[in-house]
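Asks: Contents of start21.cif (mmCIF, C-alpha atoms (C1' of nucleotides)):
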```cif
data_upload
loop_
_atom_site.label_atom_id
_atom_site.label_comp_id
_atom_site.auth_asym_id
_atom_site.auth_seq_id
_atom_site.Cartn_x
_atom_site.Cartn_y
_atom_site.Cartn_z
CA MET C 1 24.27 -28.21 -30.76
CA PRO C 2 21.26 -25.87 -30.57
CA THR C 3 20.67 -23.37 -33.34
CA SER C 4 20.60 -19.66 -32.62
CA ALA C 5 16.82 -19.68 -32.98
CA GLU C 6 16.55 -22.45 -30.40
CA THR C 7 18.73 -20.52 -27.97
CA GLU C 8 16.60 -17.40 -28.37
CA GLN C 9 13.46 -19.40 -27.81
CA ALA C 10 14.85 -20.86 -24.59
CA ALA C 11 15.81 -17.37 -23.41
CA ALA C 12 12.29 -16.09 -24.12
CA VAL C 13 10.80 -18.91 -22.06
CA GLU C 14 13.13 -18.15 -19.16
CA HIS C 15 12.28 -14.48 -19.38
CA ALA C 16 8.57 -15.29 -19.27
CA ASP C 17 9.13 -17.21 -16.03
CA LEU C 18 10.94 -14.24 -14.54
CA VAL C 19 8.15 -11.90 -15.62
CA ASP C 20 5.56 -14.17 -14.03
CA VAL C 21 7.31 -14.22 -10.69
CA ILE C 22 7.77 -10.44 -10.75
CA VAL C 23 4.09 -9.95 -11.49
CA GLN C 24 3.02 -12.39 -8.77
CA THR C 25 5.30 -10.74 -6.23
CA SER C 26 3.86 -7.38 -7.19
CA PHE C 27 0.30 -8.56 -6.68
CA ALA C 28 1.20 -10.05 -3.30
CA THR C 29 2.82 -6.76 -2.33
CA MET C 30 -0.17 -4.76 -3.55
CA ALA C 31 -2.47 -6.98 -1.52
CA VAL C 32 -0.47 -6.03 1.57
CA LEU C 33 -0.57 -2.34 0.68
CA ASN C 34 -4.32 -2.51 0.11
CA ARG C 35 -4.76 -4.22 3.44
CA VAL C 36 -2.75 -1.58 5.29
CA ALA C 37 -4.65 1.17 3.48
CA ALA C 38 -7.98 -0.44 4.39
CA GLU C 39 -6.97 -0.63 8.05
CA HIS C 40 -6.50 3.13 7.96
CA ASP C 41 -9.76 3.45 6.03
CA LEU C 42 -7.81 4.73 3.04
CA SER C 43 -7.58 3.71 -0.57
CA LEU C 44 -4.27 2.52 -1.97
CA THR C 45 -3.91 5.84 -3.78
CA GLN C 46 -4.52 7.84 -0.60
CA LEU C 47 -1.91 5.79 1.25
CA ARG C 48 0.45 6.44 -1.61
CA VAL C 49 -0.16 10.17 -1.37
CA LEU C 50 0.75 10.08 2.32
CA ALA C 51 3.91 8.11 1.53
CA ILE C 52 4.95 10.54 -1.21
CA LEU C 53 4.38 13.57 1.01
CA ARG C 54 6.31 12.06 3.91
CA ASP C 55 9.38 14.09 3.04
CA ARG C 56 8.06 16.55 0.48
CA ARG C 57 5.63 19.40 -0.12
CA LEU C 58 4.24 19.32 -3.66
CA ARG C 59 1.89 21.24 -5.90
CA MET C 60 -1.23 19.52 -7.12
CA THR C 61 0.23 19.07 -10.60
CA GLU C 62 3.48 17.59 -9.30
CA LEU C 63 1.58 15.18 -7.09
CA ALA C 64 -0.48 14.14 -10.09
CA ARG C 65 2.68 13.48 -12.05
CA TYR C 66 4.15 11.34 -9.25
CA LEU C 67 1.01 9.25 -9.23
CA GLY C 68 0.56 9.15 -12.98
CA LEU C 69 -2.93 10.62 -12.66
CA ASP C 70 -4.74 13.56 -14.20
CA LYS C 71 -4.72 16.77 -12.18
CA SER C 72 -8.51 16.81 -12.09
CA THR C 73 -8.36 13.49 -10.23
CA MET C 74 -6.21 15.08 -7.55
CA THR C 75 -8.87 17.57 -6.55
CA GLY C 76 -11.24 14.96 -5.13
CA LEU C 77 -8.40 12.88 -3.71
CA VAL C 78 -6.95 15.84 -1.83
CA ASP C 79 -10.42 17.09 -0.88
CA ARG C 80 -11.25 13.85 0.90
CA ALA C 81 -7.90 13.55 2.65
CA GLU C 82 -8.02 17.19 3.68
CA LYS C 83 -11.54 16.78 5.04
CA ARG C 84 -10.18 13.98 7.22
CA GLY C 85 -7.39 16.19 8.46
CA LEU C 86 -4.57 14.11 6.94
CA LEU C 87 -3.19 16.83 4.71
CA ARG C 88 -3.56 20.50 3.96
CA ARG C 89 -3.53 22.92 1.05
CA ALA C 90 -1.77 26.28 0.97
CA ARG C 91 -1.59 28.76 -1.87
CA ASP C 92 1.89 29.44 -3.11
CA PRO C 93 2.56 33.14 -2.36
CA ALA C 94 5.02 33.29 -5.25
CA ASP C 95 2.48 32.00 -7.79
CA GLY C 96 -1.15 32.75 -7.18
CA ARG C 97 -2.28 29.82 -9.35
CA ALA C 98 -0.36 27.11 -7.55
CA VAL C 99 -1.50 25.16 -4.50
CA ASP C 100 0.94 23.30 -2.25
CA VAL C 101 -0.12 20.11 -0.52
CA PHE C 102 1.56 18.76 2.61
CA LEU C 103 0.91 16.40 5.51
CA SER C 104 -0.72 17.52 8.74
CA ALA C 105 0.61 16.12 12.02
CA ASP C 106 -2.10 13.45 11.88
CA GLY C 107 -1.20 12.65 8.29
CA ALA C 108 2.47 12.31 9.17
CA ARG C 109 1.60 9.91 11.99
CA ALA C 110 -0.61 7.85 9.68
CA ALA C 111 2.18 7.73 7.10
CA GLU C 112 4.67 6.47 9.68
CA ARG C 113 2.33 3.84 11.03
CA GLY C 114 1.48 2.67 7.53
CA HIS C 115 5.15 2.35 6.68
CA GLU C 116 5.77 0.21 9.76
CA GLN C 117 2.75 -1.96 9.10
CA ILE C 118 3.84 -2.61 5.54
CA ALA C 119 7.27 -3.76 6.73
CA ARG C 120 5.64 -6.02 9.32
CA LEU C 121 3.17 -7.55 6.88
CA LEU C 122 5.83 -8.18 4.26
CA ALA C 123 8.06 -9.88 6.82
CA PRO C 124 6.58 -13.36 6.22
CA MET C 125 7.71 -13.02 2.61
CA THR C 126 11.09 -11.43 3.14
CA GLY C 127 11.69 -13.71 6.11
CA THR C 128 11.81 -16.77 3.88
CA LEU C 129 15.23 -15.52 2.76
CA SER C 130 18.44 -15.52 4.75
CA ARG C 131 19.88 -12.15 5.66
CA ALA C 132 22.45 -12.57 2.89
CA ASP C 133 19.77 -13.40 0.30
CA GLN C 134 17.66 -10.47 1.42
CA HIS C 135 20.60 -8.26 0.67
CA ARG C 136 21.14 -9.92 -2.71
CA VAL C 137 17.55 -9.48 -3.81
CA GLN C 138 17.62 -5.87 -2.66
CA ILE C 139 20.66 -5.17 -4.84
CA LEU C 140 19.15 -6.96 -7.83
CA LEU C 141 15.78 -5.19 -7.59
CA ALA C 142 17.47 -1.83 -7.15
CA ALA C 143 19.41 -2.50 -10.35
CA MET C 144 16.19 -3.42 -12.15
CA LEU C 145 14.51 -0.25 -10.92
CA SER C 146 17.19 1.82 -12.56
CA GLY C 147 15.83 0.59 -15.88
CA ARG C 148 12.16 1.19 -15.16
CA PRO C 149 10.04 2.84 -17.83
CA GLY C 150 8.39 6.22 -17.26
CA MET P 1 31.31 -4.56 19.82
CA PRO P 2 27.66 -3.67 19.15
CA THR P 3 25.01 -4.60 21.67
CA SER P 4 22.16 -6.92 20.72
CA ALA P 5 19.81 -3.95 20.58
CA GLU P 6 22.11 -2.17 18.18
CA THR P 7 22.30 -5.21 15.94
CA GLU P 8 18.51 -5.51 15.85
CA GLN P 9 18.16 -1.85 14.99
CA ALA P 10 20.59 -2.20 12.11
CA ALA P 11 18.67 -5.22 10.84
CA ALA P 12 15.39 -3.28 10.98
CA VAL P 13 16.90 -0.47 8.92
CA GLU P 14 18.17 -2.92 6.32
CA HIS P 15 14.80 -4.59 6.19
CA ALA P 16 13.12 -1.22 5.63
CA ASP P 17 15.39 -0.65 2.62
CA LEU P 18 14.45 -4.03 1.22
CA VAL P 19 10.76 -3.29 1.75
CA ASP P 20 11.09 0.05 -0.03
CA VAL P 21 12.69 -1.49 -3.09
CA ILE P 22 10.06 -4.24 -3.21
CA VAL P 23 7.27 -1.66 -3.02
CA GLN P 24 8.85 0.52 -5.69
CA THR P 25 9.36 -2.44 -7.99
CA SER P 26 5.74 -3.42 -7.46
CA PHE P 27 4.49 0.05 -8.38
CA ALA P 28 6.67 0.09 -11.49
CA THR P 29 5.28 -3.33 -12.45
CA MET P 30 1.71 -2.22 -11.77
CA ALA P 31 2.24 0.84 -13.95
CA VAL P 32 3.19 -1.51 -16.80
CA LEU P 33 0.18 -3.72 -16.18
CA ASN P 34 -2.13 -0.72 -16.10
CA ARG P 35 -0.65 0.51 -19.35
CA VAL P 36 -1.15 -2.84 -21.07
CA ALA P 37 -4.69 -3.03 -19.72
CA ALA P 38 -5.44 0.49 -20.96
CA GLU P 39 -4.15 -0.38 -24.43
CA HIS P 40 -6.73 -3.16 -24.55
CA ASP P 41 -9.31 -0.76 -23.11
CA LEU P 42 -9.47 -2.91 -19.98
CA SER P 43 -9.06 -2.19 -16.30
CA LEU P 44 -6.26 -3.86 -14.39
CA THR P 45 -8.79 -6.17 -12.78
CA GLN P 46 -10.23 -7.18 -16.13
CA LEU P 47 -6.77 -7.96 -17.47
CA ARG P 48 -6.14 -10.00 -14.37
CA VAL P 49 -9.33 -11.96 -14.93
CA LEU P 50 -8.19 -12.81 -18.45
CA ALA P 51 -4.80 -13.90 -17.12
CA ILE P 52 -6.34 -16.10 -14.43
CA LEU P 53 -8.70 -17.76 -16.89
CA ARG P 54 -5.94 -18.45 -19.39
CA ASP P 55 -5.62 -22.04 -18.26
CA ARG P 56 -8.69 -22.47 -16.06
CA ARG P 57 -12.47 -22.42 -16.00
CA LEU P 58 -13.78 -21.11 -12.69
CA ARG P 59 -17.04 -20.42 -10.91
CA MET P 60 -17.90 -16.84 -10.04
CA THR P 61 -17.11 -17.44 -6.37
CA GLU P 62 -13.75 -19.03 -7.10
CA LEU P 63 -12.83 -16.18 -9.38
CA ALA P 64 -13.77 -13.72 -6.63
CA ARG P 65 -11.52 -15.60 -4.20
CA TYR P 66 -8.58 -15.51 -6.63
CA LEU P 67 -8.98 -11.76 -6.95
CA GLY P 68 -9.73 -11.14 -3.29
CA LEU P 69 -13.04 -9.45 -4.19
CA ASP P 70 -16.62 -9.86 -3.13
CA LYS P 71 -18.75 -12.10 -5.34
CA SER P 72 -21.15 -9.22 -5.99
CA THR P 73 -18.28 -7.33 -7.57
CA MET P 74 -17.76 -10.17 -10.01
CA THR P 75 -21.20 -9.82 -11.54
CA GLY P 76 -20.52 -6.40 -13.08
CA LEU P 77 -16.95 -7.32 -13.95
CA VAL P 78 -18.01 -10.46 -15.81
CA ASP P 79 -21.03 -8.69 -17.31
CA ARG P 80 -18.88 -6.07 -18.97
CA ALA P 81 -16.26 -8.53 -20.21
CA GLU P 82 -18.95 -10.88 -21.50
CA LYS P 83 -20.69 -8.02 -23.31
CA ARG P 84 -17.39 -7.34 -25.08
CA GLY P 85 -17.11 -10.97 -26.08
CA LEU P 86 -13.99 -11.68 -24.03
CA LEU P 87 -15.46 -14.37 -21.80
CA ARG P 88 -18.57 -16.43 -21.38
CA ARG P 89 -20.80 -17.84 -18.66
CA ALA P 90 -22.22 -21.35 -18.53
CA ARG P 91 -24.40 -22.93 -15.86
CA ASP P 92 -22.85 -25.94 -14.19
CA PRO P 93 -25.12 -28.87 -15.12
CA ALA P 94 -24.10 -30.66 -11.91
CA ASP P 95 -25.10 -27.73 -9.65
CA GLY P 96 -27.89 -25.47 -10.84
CA ARG P 97 -26.69 -22.62 -8.65
CA ALA P 98 -23.16 -22.42 -9.98
CA VAL P 99 -21.97 -20.49 -13.03
CA ASP P 100 -18.70 -21.27 -14.77
CA VAL P 101 -16.71 -18.49 -16.42
CA PHE P 102 -14.19 -19.09 -19.20
CA LEU P 103 -12.44 -17.25 -22.01
CA SER P 104 -13.88 -16.91 -25.49
CA ALA P 105 -11.52 -17.24 -28.46
CA ASP P 106 -11.24 -13.45 -28.51
CA GLY P 107 -10.55 -13.38 -24.79
CA ALA P 108 -7.84 -16.02 -25.14
CA ARG P 109 -6.19 -13.99 -27.88
CA ALA P 110 -6.34 -10.81 -25.77
CA ALA P 111 -4.85 -12.69 -22.81
CA GLU P 112 -1.95 -13.95 -24.96
CA ARG P 113 -1.25 -10.56 -26.44
CA GLY P 114 -1.39 -8.95 -23.01
CA HIS P 115 1.06 -11.49 -21.64
CA GLU P 116 3.50 -10.80 -24.46
CA GLN P 117 3.16 -7.03 -24.08
CA ILE P 118 3.85 -7.25 -20.37
CA ALA P 119 7.04 -9.21 -20.98
CA ARG P 120 8.10 -6.71 -23.61
CA LEU P 121 7.40 -3.66 -21.45
CA LEU P 122 9.19 -5.16 -18.46
CA ALA P 123 12.24 -5.97 -20.57
CA PRO P 124 13.90 -2.58 -19.94
CA MET P 125 13.85 -3.44 -16.23
CA THR P 126 14.81 -7.09 -16.41
CA GLY P 127 17.34 -6.32 -19.13
CA THR P 128 19.45 -4.33 -16.70
CA LEU P 129 20.47 -7.68 -15.21
CA SER P 130 22.75 -10.28 -16.74
CA ARG P 131 21.17 -13.60 -17.65
CA ALA P 132 22.69 -15.12 -14.52
CA ASP P 133 21.34 -12.36 -12.29
CA GLN P 134 17.92 -12.66 -13.87
CA HIS P 135 17.94 -16.28 -12.89
CA ARG P 136 19.07 -15.43 -9.35
CA VAL P 137 16.36 -12.87 -8.79
CA GLN P 138 13.79 -15.28 -10.15
CA ILE P 139 14.84 -17.93 -7.63
CA LEU P 140 14.86 -15.44 -4.76
CA LEU P 141 11.45 -13.97 -5.57
CA ALA P 142 9.97 -17.43 -5.99
CA ALA P 143 11.25 -18.29 -2.51
CA MET P 144 9.71 -15.10 -1.13
CA LEU P 145 6.40 -15.90 -2.77
CA SER P 146 6.25 -19.19 -0.91
CA GLY P 147 5.89 -17.13 2.27
CA ARG P 148 3.26 -14.76 0.99
CA PRO P 149 0.32 -14.00 3.25
CA GLY P 150 -3.23 -14.93 2.26
"C1'" DT R 1 -1.71 32.96 -24.59
"C1'" DA R 2 -0.25 29.45 -21.44
"C1'" DT R 3 -0.57 27.38 -16.92
"C1'" DT R 4 -2.82 25.92 -12.38
"C1'" DG R 5 -6.45 24.22 -10.36
"C1'" DT R 6 -11.51 23.25 -10.02
"C1'" DT R 7 -16.07 21.82 -11.67
"C1'" DA R 8 -19.33 19.03 -14.31
"C1'" DT R 9 -20.06 14.73 -16.09
"C1'" DA R 10 -19.79 9.89 -16.97
"C1'" DC R 11 -18.11 5.33 -16.22
"C1'" DT R 12 -15.77 1.68 -13.63
"C1'" DC R 13 -14.62 -0.58 -9.33
"C1'" DT R 14 -15.87 -1.94 -4.97
"C1'" DA R 15 -18.54 -3.40 -0.77
"C1'" DT R 16 -22.91 -4.16 1.96
"C1'" DA R 17 -27.43 -5.71 2.27
"C1'" DA R 18 -31.33 -7.89 0.45
"C1'" DC R 19 -33.03 -11.01 -2.79
"C1'" DT R 20 -33.86 -15.49 -5.88
"C1'" DA R 21 -32.92 -20.06 -6.99
"C1'" DT R 22 -30.95 -24.29 -5.92
"C1'" DA R 23 -28.94 -27.80 -2.75
"C1'" DT U 1 -30.73 -24.03 6.35
"C1'" DA U 2 -26.81 -23.03 3.59
"C1'" DT U 3 -24.74 -21.82 -0.79
"C1'" DA U 4 -24.29 -19.47 -5.59
"C1'" DG U 5 -25.23 -15.69 -7.92
"C1'" DT U 6 -27.67 -11.24 -8.91
"C1'" DT U 7 -29.65 -6.73 -7.90
"C1'" DA U 8 -29.96 -2.30 -5.63
"C1'" DT U 9 -27.46 1.13 -3.74
"C1'" DA U 10 -23.80 4.12 -2.39
"C1'" DG U 11 -19.10 5.90 -2.30
"C1'" DA U 12 -14.49 6.27 -4.27
"C1'" DG U 13 -11.29 6.54 -8.23
"C1'" DT U 14 -10.54 7.93 -12.79
"C1'" DA U 15 -10.51 10.70 -17.26
"C1'" DT U 16 -12.31 14.28 -20.56
"C1'" DA U 17 -13.95 18.72 -21.44
"C1'" DA U 18 -15.02 23.22 -20.05
"C1'" DC U 19 -14.09 26.80 -16.97
"C1'" DA U 20 -11.91 30.67 -13.70
"C1'" DA U 21 -7.93 32.84 -12.04
"C1'" DT U 22 -3.30 34.00 -12.54
"C1'" DA U 23 1.07 34.47 -15.09
#
```
Can you present the structure in this file as C-alpha cells?
Replies:
Amino acid sequence: MPTSAETEQAAAVEHADLVDVIVQTSFATMAVLNRVAAEHDLSLTQLRVLAILRDRRLRMTELARYLGLDKSTMTGLVDRAEKRGLLRRARDPADGRAVDVFLSADGARAAERGHEQIARLLAPMTGTLSRADQHRVQILLAAMLSGRPG
Amino acid sequence: MPTSAETEQAAAVEHADLVDVIVQTSFATMAVLNRVAAEHDLSLTQLRVLAILRDRRLRMTELARYLGLDKSTMTGLVDRAEKRGLLRRARDPADGRAVDVFLSADGARAAERGHEQIARLLAPMTGTLSRADQHRVQILLAAMLSGRPG
DNA sequence: TATTGTTATACTCTATAACTATA
DNA sequence: TATAGTTATAGAGTATAACAATA
C-alpha cells in the first residue's frame, strides 16, 4: 500500500502532465490568434482590443485594465488603430479627463471577420473531438476559468 | 423537426462557445506564463526557449522553427540569454556553419523553477476540477492537440 | 490632491534584406 | 549554389517617470 507521501507525489506528476497539455494547447491557440491578427495586419494585442470592444465602449484606463497593460501603453496602441480607422476616441462629456474608445464600422467588421476566422482555424483541433466531447471539454474549461487568477 | 440548415446553425453557435472558452483559457494561461517570466526578468519568448531546451540541444534554425520565428530574431534572443548566463552556444564540429544552443546550469535551474511556478500558479484553475475531471480534460485536450495546425 | 491621459525615453521583440562563412 | 547564422535597420509593444488638464 502506498504511503501518503507516495500518493502526493503521484498526484503532482499527474498535475504536471495536465499543466503541460494546457500550456501546449494555449500556445497552439495563440499561434492561431497571431496568424489571424497577421492576416489583418494587426498585432495580437490590437486584435484583442477589437474583440474586447465588440460589445463595449471603454475608457483608456479600463481598456488597459482588461489587457493587463499600463495606460501609457494604450496611447500608442489606440493611436495606431485609430489612424487606420478601426476605432475612435471621444471625450466623455461628463468627465473632461476621460476618453472613451469604441469601434468604427470598419473596426466592427474586422472584429467579426477575425472572430469567424479564429473559429475556422481552430476547427482542425476541435474537430478531433466528437460533438459530445466538445461539449464536455467546454464545460470543464468553463469550470476552470471560474478559478482563474487576476 | 428542425431542418438541416437549422441543425447546422445550432452546431455553429455551440462551436463558437467552445472557441470562446478555449481562447479565454489560453489568455488566462498566457497571463500566468507572462507573470512567471516577469518574475525571472524574462520575456515570454525567453521563458519558452528555456522550456524547449530543458531536454534538448538545438541549432539556431531548429529553435527558430520551434518558436515559429525568423532565424534573425534568434540571434538577439540567444545573445541576451547567453549574456545573462542562462544558455550557451557551441559550434557544431561536424558542420562549421551550424551553432548548437543549450542550457547552462543556471538556465536549467531557472527552467525548473519556472516550470514549478507555472504549475503552482495554474493550480487555482485546475483545482476547480475533481481529480477525475482533471484527468478527463487532460485526455480531451491531448486529443485536440493531435489535430493542431502547423 | 487625486485621477485621466499623453509624452519622452529606453529596451525588447520581430521581420526583411544584405552579408559572411561553410557545405 | 544552397544553407547557417549574423548584422543593419525599422516598426511595434511595453514600462517608468514626468507632465498637463480636469476633478
Asks: To one decimal place, how far is CA of Thr75 (chain C) from CA of Phe102 (chain C) in Å?
Replies: 13.9 Å
Asks: Counting all atoms listed in the file, collect the residues of chain P whose closest atom lies at most 10 Å from chain U, and write them out as a list in words.
Replies: Arg59, Met60, Thr61, Lys71, Ser72, Met74, Thr75, Gly76, Asp95, Gly96, Arg97, Ala98 and Val99 of chain P
Asks: Counting only C-alpha atoms, figure out which residue out of P:Leu53, P:Val101, P:Ala119, P:Ala28 gets nearest to Arg148 (chain C).
Replies: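 Nearest candidate to Arg148 (chain C) out of P:Leu53, P:Val101, P:Ala119, P:Ala28: P:Ala28.
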Asks: Could you write out as number ranges by chain the residues that the PyMOL selection byres ((chain C and resi 127-129) around 9) matches in the shown file?
Replies: C: 122-126, 130-134; P: 140, 143-147
Asks: Output chain P as a compact mmCIF listing (two decimals) with C-alpha atoms, keeping the file's coordinate frame, after least-squares fitting it to chain C on all in-order C-alpha pairs.
Replies:
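Below is the file superposed_7.txt, written as the result:
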```txt
# COMPACT_ATOMS: atom_id res chain seq x y z
CA MET P 1 24.48 -28.03 -30.56
CA PRO P 2 21.40 -25.77 -30.45
CA THR P 3 20.79 -23.32 -33.25
CA SER P 4 20.63 -19.59 -32.57
CA ALA P 5 16.86 -19.69 -32.94
CA GLU P 6 16.63 -22.43 -30.35
CA THR P 7 18.77 -20.47 -27.93
CA GLU P 8 16.60 -17.38 -28.35
CA GLN P 9 13.46 -19.40 -27.77
CA ALA P 10 14.87 -20.84 -24.56
CA ALA P 11 15.80 -17.35 -23.39
CA ALA P 12 12.27 -16.09 -24.10
CA VAL P 13 10.79 -18.91 -22.02
CA GLU P 14 13.11 -18.13 -19.13
CA HIS P 15 12.25 -14.48 -19.37
CA ALA P 16 8.54 -15.32 -19.25
CA ASP P 17 9.13 -17.22 -15.99
CA LEU P 18 10.93 -14.24 -14.54
CA VAL P 19 8.11 -11.93 -15.61
CA ASP P 20 5.52 -14.20 -14.01
CA VAL P 21 7.30 -14.23 -10.67
CA ILE P 22 7.72 -10.45 -10.75
CA VAL P 23 4.02 -9.99 -11.48
CA GLN P 24 2.99 -12.41 -8.76
CA THR P 25 5.26 -10.75 -6.23
CA SER P 26 3.80 -7.39 -7.20
CA PHE P 27 0.23 -8.60 -6.67
CA ALA P 28 1.16 -10.08 -3.30
CA THR P 29 2.77 -6.76 -2.33
CA MET P 30 -0.24 -4.79 -3.57
CA ALA P 31 -2.54 -7.01 -1.52
CA VAL P 32 -0.53 -6.04 1.57
CA LEU P 33 -0.65 -2.36 0.67
CA ASN P 34 -4.39 -2.53 0.09
CA ARG P 35 -4.84 -4.23 3.43
CA VAL P 36 -2.83 -1.58 5.27
CA ALA P 37 -4.73 1.16 3.46
CA ALA P 38 -8.06 -0.45 4.36
CA GLU P 39 -7.05 -0.64 8.02
CA HIS P 40 -6.57 3.12 7.96
CA ASP P 41 -9.84 3.46 6.03
CA LEU P 42 -7.87 4.75 3.04
CA SER P 43 -7.66 3.72 -0.58
CA LEU P 44 -4.37 2.53 -1.98
CA THR P 45 -3.98 5.84 -3.78
CA GLN P 46 -4.56 7.81 -0.61
CA LEU P 47 -1.97 5.76 1.24
CA ARG P 48 0.41 6.38 -1.61
CA VAL P 49 -0.18 10.11 -1.38
CA LEU P 50 0.71 10.02 2.31
CA ALA P 51 3.86 8.04 1.53
CA ILE P 52 4.94 10.45 -1.21
CA LEU P 53 4.39 13.48 1.00
CA ARG P 54 6.31 11.99 3.89
CA ASP P 55 9.41 13.97 3.04
CA ARG P 56 8.10 16.44 0.46
CA ARG P 57 5.69 19.29 -0.12
CA LEU P 58 4.31 19.23 -3.65
CA ARG P 59 1.97 21.16 -5.91
CA MET P 60 -1.19 19.46 -7.10
CA THR P 61 0.26 18.99 -10.58
CA GLU P 62 3.50 17.49 -9.30
CA LEU P 63 1.59 15.12 -7.09
CA ALA P 64 -0.51 14.07 -10.09
CA ARG P 65 2.67 13.39 -12.07
CA TYR P 66 4.13 11.25 -9.26
CA LEU P 67 0.97 9.17 -9.23
CA GLY P 68 0.51 9.10 -12.99
CA LEU P 69 -2.99 10.61 -12.66
CA ASP P 70 -4.79 13.53 -14.18
CA LYS P 71 -4.72 16.75 -12.15
CA SER P 72 -8.52 16.78 -12.02
CA THR P 73 -8.37 13.48 -10.17
CA MET P 74 -6.20 15.07 -7.52
CA THR P 75 -8.84 17.57 -6.50
CA GLY P 76 -11.23 14.96 -5.09
CA LEU P 77 -8.40 12.89 -3.68
CA VAL P 78 -6.92 15.84 -1.80
CA ASP P 79 -10.38 17.11 -0.84
CA ARG P 80 -11.25 13.90 0.94
CA ALA P 81 -7.89 13.56 2.67
CA GLU P 82 -7.96 17.21 3.72
CA LYS P 83 -11.49 16.82 5.09
CA ARG P 84 -10.17 13.99 7.26
CA GLY P 85 -7.35 16.17 8.51
CA LEU P 86 -4.56 14.10 6.95
CA LEU P 87 -3.13 16.80 4.71
CA ARG P 88 -3.46 20.47 3.99
CA ARG P 89 -3.42 22.90 1.08
CA ALA P 90 -1.61 26.23 0.97
CA ARG P 91 -1.42 28.72 -1.88
CA ASP P 92 2.08 29.36 -3.13
CA PRO P 93 2.77 33.04 -2.35
CA ALA P 94 5.21 33.19 -5.27
CA ASP P 95 2.65 31.92 -7.82
CA GLY P 96 -1.00 32.68 -7.17
CA ARG P 97 -2.13 29.79 -9.34
CA ALA P 98 -0.23 27.05 -7.55
CA VAL P 99 -1.37 25.11 -4.49
CA ASP P 100 1.05 23.23 -2.27
CA VAL P 101 -0.04 20.04 -0.53
CA PHE P 102 1.63 18.69 2.60
CA LEU P 103 0.95 16.36 5.51
CA SER P 104 -0.69 17.47 8.73
CA ALA P 105 0.65 16.08 12.01
CA ASP P 106 -2.08 13.44 11.87
CA GLY P 107 -1.20 12.62 8.28
CA ALA P 108 2.48 12.27 9.17
CA ARG P 109 1.60 9.89 11.98
CA ALA P 110 -0.64 7.82 9.68
CA ALA P 111 2.14 7.69 7.07
CA GLU P 112 4.64 6.43 9.68
CA ARG P 113 2.29 3.81 11.03
CA GLY P 114 1.43 2.66 7.52
CA HIS P 115 5.10 2.32 6.66
CA GLU P 116 5.73 0.21 9.75
CA GLN P 117 2.69 -1.98 9.09
CA ILE P 118 3.79 -2.61 5.54
CA ALA P 119 7.22 -3.75 6.70
CA ARG P 120 5.62 -5.99 9.29
CA LEU P 121 3.14 -7.56 6.88
CA LEU P 122 5.82 -8.16 4.26
CA ALA P 123 8.07 -9.83 6.82
CA PRO P 124 6.61 -13.32 6.22
CA MET P 125 7.74 -12.98 2.60
CA THR P 126 11.11 -11.36 3.13
CA GLY P 127 11.75 -13.60 6.12
CA THR P 128 11.89 -16.65 3.89
CA LEU P 129 15.29 -15.38 2.76
CA SER P 130 18.51 -15.35 4.75
CA ARG P 131 19.93 -11.95 5.63
CA ALA P 132 22.47 -12.35 2.84
CA ASP P 133 19.81 -13.24 0.28
CA GLN P 134 17.67 -10.33 1.39
CA HIS P 135 20.59 -8.09 0.64
CA ARG P 136 21.13 -9.74 -2.76
CA VAL P 137 17.54 -9.35 -3.84
CA GLN P 138 17.58 -5.74 -2.70
CA ILE P 139 20.60 -5.02 -4.89
CA LEU P 140 19.10 -6.82 -7.87
CA LEU P 141 15.72 -5.11 -7.63
CA ALA P 142 17.37 -1.73 -7.21
CA ALA P 143 19.31 -2.39 -10.42
CA MET P 144 16.09 -3.35 -12.20
CA LEU P 145 14.39 -0.20 -10.98
CA SER P 146 17.06 1.90 -12.64
CA GLY P 147 15.69 0.64 -15.96
CA ARG P 148 12.05 1.21 -15.20
CA PRO P 149 9.92 2.82 -17.89
CA GLY P 150 8.26 6.20 -17.35
```
Asks: Step by step, work through what the PyMOL selection byres ((chain R) within 8 of (chain C)) selects in the shown file, and finish by giving those residues as JSON, numbers by chain.
Replies: {"R": [4, 5, 6]}
Asks: How far is it from CA of Gly114 (chain P) to CA of Arg136 (chain P), in Å with one decimal?
Replies: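 Between CA of Gly114 (chain P) and CA of Arg136 (chain P) the gap is 25.4 Å.
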Asks: Which is closer to chain P than all the others in C:Leu69, C:Leu63, C:Leu86, C:Val78, using all atoms listed in the file?
Replies: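 Closest residue, counting all atoms listed in the file: C:Leu69.
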Asks: What is the CA of Val19 (chain C)-CA of Arg65 (chain C) distance in Å, reported with one decimal?
Replies: 26.2 Å
Asks: Can you turn the PyMOL selection byres ((chain P and resi 52) around 12) into a concrete residue list for this file, as a list in words?
Replies: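 The output of the PyMOL selection byres ((chain P and resi 52) around 12) on this file is Gln24 of chain C; Thr45, Gln46, Leu47, Arg48, Val49, Leu50, Ala51, Leu53, Arg54, Asp55, Arg56, Arg57, Leu58, Glu62, Leu63, Ala64, Arg65, Tyr66, Leu67, Leu87, Val101, Phe102, Leu103, Gly107, Ala108, Ala111, Glu112 and His115 of chain P.
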Asks: With a distance cut-off of 12 Å and all atoms listed in the file, select the neighbouring residues of Ser43 (chain P), excluding the residue or stretch itself and same-chain residues fewer than 5 positions from it, and output the selection as a list in words.
Replies: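 Selected residues are Met30, Ala31, Leu33, Asn34, Arg35, Val36, Ala37, Ala38, Arg48, Val49, Leu50, Leu77, Arg80 and Ala81 of chain P; DC11, DT12 and DC13 of chain R; DT14 of chain U.
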Asks: Out of P:Ala5, P:Ala110, P:Ala90, P:Val32, which residue has the shortest atom-to-atom distance to chain C when counting all atoms listed in the file?
Replies: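 Smallest distance to chain C is found for P:Val32.
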Asks: Here is a test: counting only C-alpha atoms, which residue of C:Leu18, C:Ile139, C:Ala10, C:Leu42 is nearest to chain P?
Replies: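 Selected residue with least distance to chain P: C:Leu18.
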Asks: Counting all atoms listed in the file, figure out which residue out of C:Thr3, C:Glu8, C:Gln117, C:Asp17 gets nearest to chain P.
Replies: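 That would be C:Asp17, the residue with the smallest distance to chain P.
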Asks: Check the smallest atom-to-atom distance from each of C:Ala142, C:Ala105, C:Val13, C:Leu44 to chain P using all atoms listed in the file, then report the winner.
Replies: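 Using all atoms listed in the file, the shortest distance to chain P belongs to C:Ala142.
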